[in-house]
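Undergrad: Contents of input20.cif (mmCIF, C-alpha atoms):
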data_final
loop_
_atom_site.group_PDB
_atom_site.id
_atom_site.type_symbol
_atom_site.label_atom_id
_atom_site.label_comp_id
_atom_site.auth_asym_id
_atom_site.auth_seq_id
_atom_site.Cartn_x
_atom_site.Cartn_y
_atom_site.Cartn_z
ATOM 1 C CA MET A 1293 123.219 52.973 91.840
ATOM 2 C CA SER A 1294 119.881 54.639 91.467
ATOM 3 C CA LEU A 1295 118.139 55.055 88.136
ATOM 4 C CA ALA A 1296 116.184 58.161 87.198
ATOM 5 C CA GLN A 1297 114.670 59.890 84.173
ATOM 6 C CA PHE A 1298 113.093 56.828 82.573
ATOM 7 C CA SER A 1299 111.720 57.215 79.068
ATOM 8 C CA VAL A 1300 110.331 54.942 76.368
ATOM 9 C CA ASP A 1301 112.188 55.017 73.064
ATOM 10 C CA ASP A 1302 109.344 55.263 70.585
ATOM 11 C CA GLY A 1303 111.610 56.272 67.727
ATOM 12 C CA PRO A 1304 112.733 53.933 64.970
ATOM 13 C CA HIS A 1305 115.019 51.107 66.070
ATOM 14 C CA SER A 1306 115.637 47.515 65.073
ATOM 15 C CA MET A 1307 114.911 45.892 68.452
ATOM 16 C CA ASP A 1308 111.771 43.754 68.672
ATOM 17 C CA GLY A 1309 110.389 44.989 71.961
ATOM 18 C CA LEU A 1310 110.071 47.857 74.395
ATOM 19 C CA ARG A 1311 113.275 49.897 74.601
ATOM 20 C CA LEU A 1312 113.775 52.290 77.498
ATOM 21 C CA TYR A 1313 116.434 54.694 78.684
ATOM 22 C CA ALA A 1314 117.314 55.828 82.192
ATOM 23 C CA GLN A 1315 120.135 57.695 83.878
ATOM 24 C CA ASP A 1316 122.498 56.522 86.607
ATOM 25 C CA GLY A 1317 124.143 59.826 87.409
ATOM 26 C CA THR A 1318 125.849 60.760 84.155
ATOM 27 C CA GLU A 1319 125.731 57.227 82.716
ATOM 28 C CA ARG A 1320 122.967 56.379 80.258
ATOM 29 C CA VAL A 1321 121.378 52.984 80.908
ATOM 30 C CA GLU A 1322 119.383 51.096 78.313
ATOM 31 C CA ALA A 1323 116.663 48.627 79.297
ATOM 32 C CA PHE A 1324 114.758 46.259 77.083
ATOM 33 C CA ILE A 1325 111.641 44.101 77.372
ATOM 34 C CA GLY A 1326 111.270 41.800 74.378
ATOM 35 C CA ARG A 1327 107.985 41.653 72.498
ATOM 36 C CA LYS A 1328 107.434 38.040 73.560
ATOM 37 C CA VAL A 1329 107.984 38.979 77.211
ATOM 38 C CA MET A 1330 105.457 41.818 76.821
ATOM 39 C CA ASP A 1331 103.070 39.332 75.162
ATOM 40 C CA VAL A 1332 103.338 36.929 78.108
ATOM 41 C CA TRP A 1333 102.864 39.765 80.613
ATOM 42 C CA ALA A 1334 99.799 41.091 78.763
ATOM 43 C CA ASP A 1335 98.388 37.587 78.283
ATOM 44 C CA SER A 1336 98.681 36.915 82.020
ATOM 45 C CA VAL A 1337 96.236 39.784 82.572
ATOM 46 C CA GLU A 1338 93.930 39.313 79.575
ATOM 47 C CA HIS A 1339 93.242 35.559 79.747
ATOM 48 C CA ARG A 1340 91.679 35.745 76.284
ATOM 49 C CA GLY A 1341 92.397 32.280 74.984
ATOM 50 C CA GLY A 1342 93.804 32.993 71.516
ATOM 51 C CA ARG A 1343 97.140 34.759 71.756
ATOM 52 C CA GLN A 1344 97.730 37.798 69.615
ATOM 53 C CA SER A 1345 101.157 39.385 69.654
ATOM 54 C CA LEU A 1346 101.518 43.058 70.461
ATOM 55 C CA PHE A 1347 102.646 45.501 67.812
ATOM 56 C CA ARG A 1348 105.255 48.214 68.426
ATOM 57 C CA ASP A 1349 102.766 51.031 68.971
ATOM 58 C CA GLN A 1350 100.882 48.827 71.459
ATOM 59 C CA TYR A 1351 103.863 47.820 73.591
ATOM 60 C CA ASN A 1352 105.235 51.371 73.504
ATOM 61 C CA ALA A 1353 101.860 52.672 74.725
ATOM 62 C CA LEU A 1354 101.764 49.976 77.433
ATOM 63 C CA GLY A 1355 105.305 50.940 78.421
ATOM 64 C CA LYS A 1356 104.324 54.581 78.857
ATOM 65 C CA LEU A 1357 101.136 53.684 80.753
ATOM 66 C CA ASN A 1358 103.031 51.291 83.045
ATOM 67 C CA LEU A 1359 106.281 53.233 83.300
ATOM 68 C CA ALA A 1360 106.273 53.344 87.117
ATOM 69 C CA ALA A 1361 105.956 49.536 87.374
ATOM 70 C CA ILE A 1362 108.620 49.013 84.705
ATOM 71 C CA GLU A 1363 110.915 51.483 86.498
ATOM 72 C CA ARG A 1364 110.667 49.382 89.665
ATOM 73 C CA ILE A 1365 111.426 46.142 87.789
ATOM 74 C CA VAL A 1366 114.381 47.598 85.862
ATOM 75 C CA SER A 1367 115.769 49.391 88.925
ATOM 76 C CA ALA A 1368 115.616 46.226 91.036
ATOM 77 C CA LYS A 1369 117.493 44.231 88.402
ATOM 78 C CA TYR A 1370 119.998 47.030 87.770
ATOM 79 C CA GLN A 1371 120.795 47.364 91.465
ATOM 80 C CA ARG A 1372 121.849 43.713 91.590
ATOM 81 C CA GLY A 1373 124.888 44.802 89.598
ATOM 82 C CA ALA A 1374 127.007 43.226 86.902
ATOM 83 C CA THR A 1375 126.900 39.792 88.559
ATOM 84 C CA PHE A 1376 123.218 39.442 87.652
ATOM 85 C CA ASN A 1377 123.281 41.563 84.498
ATOM 86 C CA ARG A 1378 125.861 40.122 82.119
ATOM 87 C CA GLN A 1379 125.444 43.104 79.792
ATOM 88 C CA HIS A 1380 125.549 45.702 82.576
ATOM 89 C CA PRO A 1381 124.631 48.592 82.296
ATOM 90 C CA PHE A 1382 122.181 47.188 79.707
ATOM 91 C CA VAL A 1383 119.215 45.604 81.525
ATOM 92 C CA GLU A 1384 117.113 42.965 79.802
ATOM 93 C CA VAL A 1385 113.861 42.277 81.617
ATOM 94 C CA LEU A 1386 112.809 38.638 81.538
ATOM 95 C CA VAL A 1387 109.477 37.000 82.382
ATOM 96 C CA SER A 1388 111.092 35.759 85.613
ATOM 97 C CA ASP A 1389 111.929 39.360 86.604
ATOM 98 C CA ILE A 1390 108.303 40.401 86.085
ATOM 99 C CA THR A 1391 106.968 37.372 87.966
ATOM 100 C CA GLU A 1392 109.386 37.951 90.843
ATOM 101 C CA SER A 1393 108.378 41.627 91.050
ATOM 102 C CA GLY A 1394 104.657 40.894 91.346
ATOM 103 C CA GLU A 1395 103.944 43.956 89.191
ATOM 104 C CA VAL A 1396 100.652 43.916 87.307
ATOM 105 C CA LEU A 1397 100.368 45.380 83.824
ATOM 106 C CA ASN A 1398 97.636 47.979 83.359
ATOM 107 C CA LEU A 1399 95.912 47.126 80.067
ATOM 108 C CA SER A 1400 93.096 49.671 80.418
ATOM 109 C CA GLU A 1401 94.153 51.561 77.268
ATOM 110 C CA LEU A 1402 95.216 48.583 75.147
ATOM 111 C CA VAL A 1403 93.322 48.464 71.867
ATOM 112 C CA ARG A 1404 93.422 45.148 70.041
ATOM 113 C CA GLU A 1405 92.374 45.287 66.424
ATOM 114 C CA PRO A 1406 90.704 42.098 65.167
ATOM 115 C CA LEU A 1407 93.018 40.111 62.936
ATOM 116 C CA PRO A 1408 91.905 39.388 59.379
ATOM 117 C CA PRO A 1409 90.818 35.751 58.795
ATOM 118 C CA ALA A 1410 94.096 34.950 57.013
ATOM 119 C CA PHE A 1411 95.971 35.476 60.305
ATOM 120 C CA HIS A 1412 93.913 33.015 62.365
ATOM 121 C CA ARG A 1413 95.366 29.562 62.920
ATOM 122 C CA LEU A 1414 93.432 26.625 61.704
ATOM 123 C CA ALA A 1415 92.948 23.893 64.309
#
What is this structure when it is put down as structure tokens?
TA:
Amino acid sequence: MSLAQFSVDDGPHSMDGLRLYAQDGTERVEAFIGRKVMDVWADSVEHRGGRQSLFRDQYNALGKLNLAAIERIVSAKYQRGATFNRQHPFVEVLVSDITESGEVLNLSELVREPLPPAFHRLA
């Protein structure tokens, strides 16, 4: 049960988060990290105060930049088997999986555009 050939799906899809594919021999495995999970992971590194959600191009770019770390997280969860992955061979990465892994997200290439005033919350 070893995953290989990881790739980020940066094509059009209806999932709100980072979608990845890998191979387990001849079986295709899909992995997913929801946008909110990516937001929490990025926020844990940025410590910027006001939270700004990532957009698709941002979390896809972060996925590509951090593919090795994500591979380790997904592989560890996948290797636990169907008992721990109710949708096996689909692997959904949760905040707890990231925390447990100790992996740190590299945000060195993340570009955050300032939000227009209409998007800022009023206190």
Undergrad: Mind pulling up the distance from atom CA of Pro1304 of chain A to atom CA of Ala1334 of chain A?
TA: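 It comes out at 22.9 Å.
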Undergrad: Could you state the separation of atom CA of Leu1397 of chain A and atom CA of Phe1382 of chain A in Å, given to one decimal place?
TA: 22.3 Å
Undergrad: Give me the result of the PyMOL selection byres ((chain A and resi 1296) around 8) on this file, residue by residue, as a list in words.
TA: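 Output of the PyMOL selection byres ((chain A and resi 1296) around 8): Ser1294, Leu1295, Gln1297, Phe1298, Ala1314, Gln1315 and Asp1316 of chain A.
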Undergrad: Could you name the residues that touch segment 1359-1372 of chain A at 7 Å or less, counting all atoms listed in the file, but leaving out those on the same chain fewer than 3 positions away, as a list in words?
TA: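 Answer for this query is Met1293, Leu1295, Phe1298, Gly1355, Lys1356, Phe1376, Val1383, Val1385, Asp1389, Ile1390, Ser1393 and Glu1395 of chain A.
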Undergrad: Give me the residues near segment 1323-1325 of chain A as a PyMOL selection string, where near means some atom within 9 Å (using all atoms listed in the file) and where sequence neighbours in that chain fewer than 5 positions away do not count.
TA: chain A and resi 1307-1314+1330+1366+1381-1387
Undergrad: Each side padded by 6 Å, which centre and which edge lengths in Å (one decimal) define the axis-aligned box around the listed atoms of segment 1294-1309 of chain A? Give them as AutoDock Vina command-line options.
TA:
--center_x 114.6 --center_y 51.8 --center_z 78.2 --size_x 22.5 --size_y 28.1 --size_z 38.5
Undergrad: Using atom CA of Asn1398 of chain A and atom CA of Asp1335 of chain A as the two end points, give the distance in Å to one decimal.
TA: 11.6 Å
Undergrad: How would you write, as a PyMOL selection string, the residues chosen by the PyMOL selection byres ((chain A and resi 1347) around 12) on this structure?
TA: chain A and resi 1308-1310+1326-1328+1330-1331+1344-1346+1348-1354+1402-1405
Undergrad: Reconstruct N, CA and C atoms of segment 1300-1328 of chain A from the incomplete input and present them as a short mmCIF file (atom, residue, chain, number, x, y, z; two decimals), in the frame of the given file.
TA:
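Dumped everything to selection-v8.cif:
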data_model
loop_
_atom_site.label_atom_id
_atom_site.label_comp_id
_atom_site.auth_asym_id
_atom_site.auth_seq_id
_atom_site.Cartn_x
_atom_site.Cartn_y
_atom_site.Cartn_z
N VAL A 1300 110.54 55.97 77.38
CA VAL A 1300 110.33 54.94 76.37
C VAL A 1300 110.87 55.47 75.06
N ASP A 1301 111.67 54.66 74.39
CA ASP A 1301 112.19 55.02 73.06
C ASP A 1301 111.15 54.62 72.03
N ASP A 1302 110.36 55.58 71.58
CA ASP A 1302 109.34 55.26 70.58
C ASP A 1302 109.78 55.68 69.19
N GLY A 1303 111.06 55.97 69.04
CA GLY A 1303 111.61 56.27 67.73
C GLY A 1303 111.93 54.99 66.98
N PRO A 1304 112.40 55.13 65.75
CA PRO A 1304 112.73 53.93 64.97
C PRO A 1304 113.97 53.23 65.54
N HIS A 1305 113.88 51.93 65.68
CA HIS A 1305 115.02 51.11 66.07
C HIS A 1305 114.75 49.68 65.60
N SER A 1306 115.77 48.86 65.62
CA SER A 1306 115.64 47.52 65.07
C SER A 1306 115.38 46.45 66.14
N MET A 1307 115.15 46.85 67.38
CA MET A 1307 114.91 45.89 68.45
C MET A 1307 113.44 45.52 68.49
N ASP A 1308 113.15 44.25 68.68
CA ASP A 1308 111.77 43.75 68.67
C ASP A 1308 111.23 43.72 70.10
N GLY A 1309 110.91 44.89 70.61
CA GLY A 1309 110.39 44.99 71.96
C GLY A 1309 110.43 46.42 72.46
N LEU A 1310 110.13 46.56 73.74
CA LEU A 1310 110.07 47.86 74.40
C LEU A 1310 111.47 48.27 74.82
N ARG A 1311 111.94 49.37 74.30
CA ARG A 1311 113.28 49.90 74.60
C ARG A 1311 113.12 51.14 75.46
N LEU A 1312 113.86 51.17 76.56
CA LEU A 1312 113.78 52.29 77.50
C LEU A 1312 115.17 52.83 77.79
N TYR A 1313 115.20 54.08 78.23
CA TYR A 1313 116.43 54.69 78.68
C TYR A 1313 116.23 55.24 80.08
N ALA A 1314 117.31 55.24 80.85
CA ALA A 1314 117.31 55.83 82.19
C ALA A 1314 118.70 56.41 82.43
N GLN A 1315 118.85 57.11 83.51
CA GLN A 1315 120.14 57.70 83.88
C GLN A 1315 120.57 57.18 85.24
N ASP A 1316 121.84 56.83 85.34
CA ASP A 1316 122.50 56.52 86.61
C ASP A 1316 123.58 57.58 86.75
N GLY A 1317 123.23 58.68 87.37
CA GLY A 1317 124.14 59.83 87.41
C GLY A 1317 124.33 60.35 86.00
N THR A 1318 125.58 60.29 85.51
CA THR A 1318 125.85 60.76 84.16
C THR A 1318 125.83 59.62 83.14
N GLU A 1319 125.72 58.38 83.61
CA GLU A 1319 125.73 57.23 82.72
C GLU A 1319 124.33 56.92 82.19
N ARG A 1320 124.24 56.76 80.89
CA ARG A 1320 122.97 56.38 80.26
C ARG A 1320 122.83 54.86 80.34
N VAL A 1321 121.66 54.41 80.78
CA VAL A 1321 121.38 52.98 80.91
C VAL A 1321 120.24 52.65 79.96
N GLU A 1322 120.42 51.57 79.22
CA GLU A 1322 119.38 51.10 78.31
C GLU A 1322 118.73 49.86 78.91
N ALA A 1323 117.41 49.80 78.83
CA ALA A 1323 116.66 48.63 79.30
C ALA A 1323 115.80 48.14 78.14
N PHE A 1324 115.50 46.85 78.18
CA PHE A 1324 114.76 46.26 77.08
C PHE A 1324 113.84 45.16 77.60
N ILE A 1325 112.59 45.18 77.11
CA ILE A 1325 111.64 44.10 77.37
C ILE A 1325 111.21 43.59 76.00
N GLY A 1326 111.59 42.38 75.68
CA GLY A 1326 111.27 41.80 74.38
C GLY A 1326 109.77 41.70 74.14
N ARG A 1327 109.41 41.73 72.86
CA ARG A 1327 107.98 41.65 72.50
C ARG A 1327 107.33 40.41 73.07
N LYS A 1328 108.02 39.28 73.03
CA LYS A 1328 107.43 38.04 73.56
C LYS A 1328 107.24 38.12 75.07
#
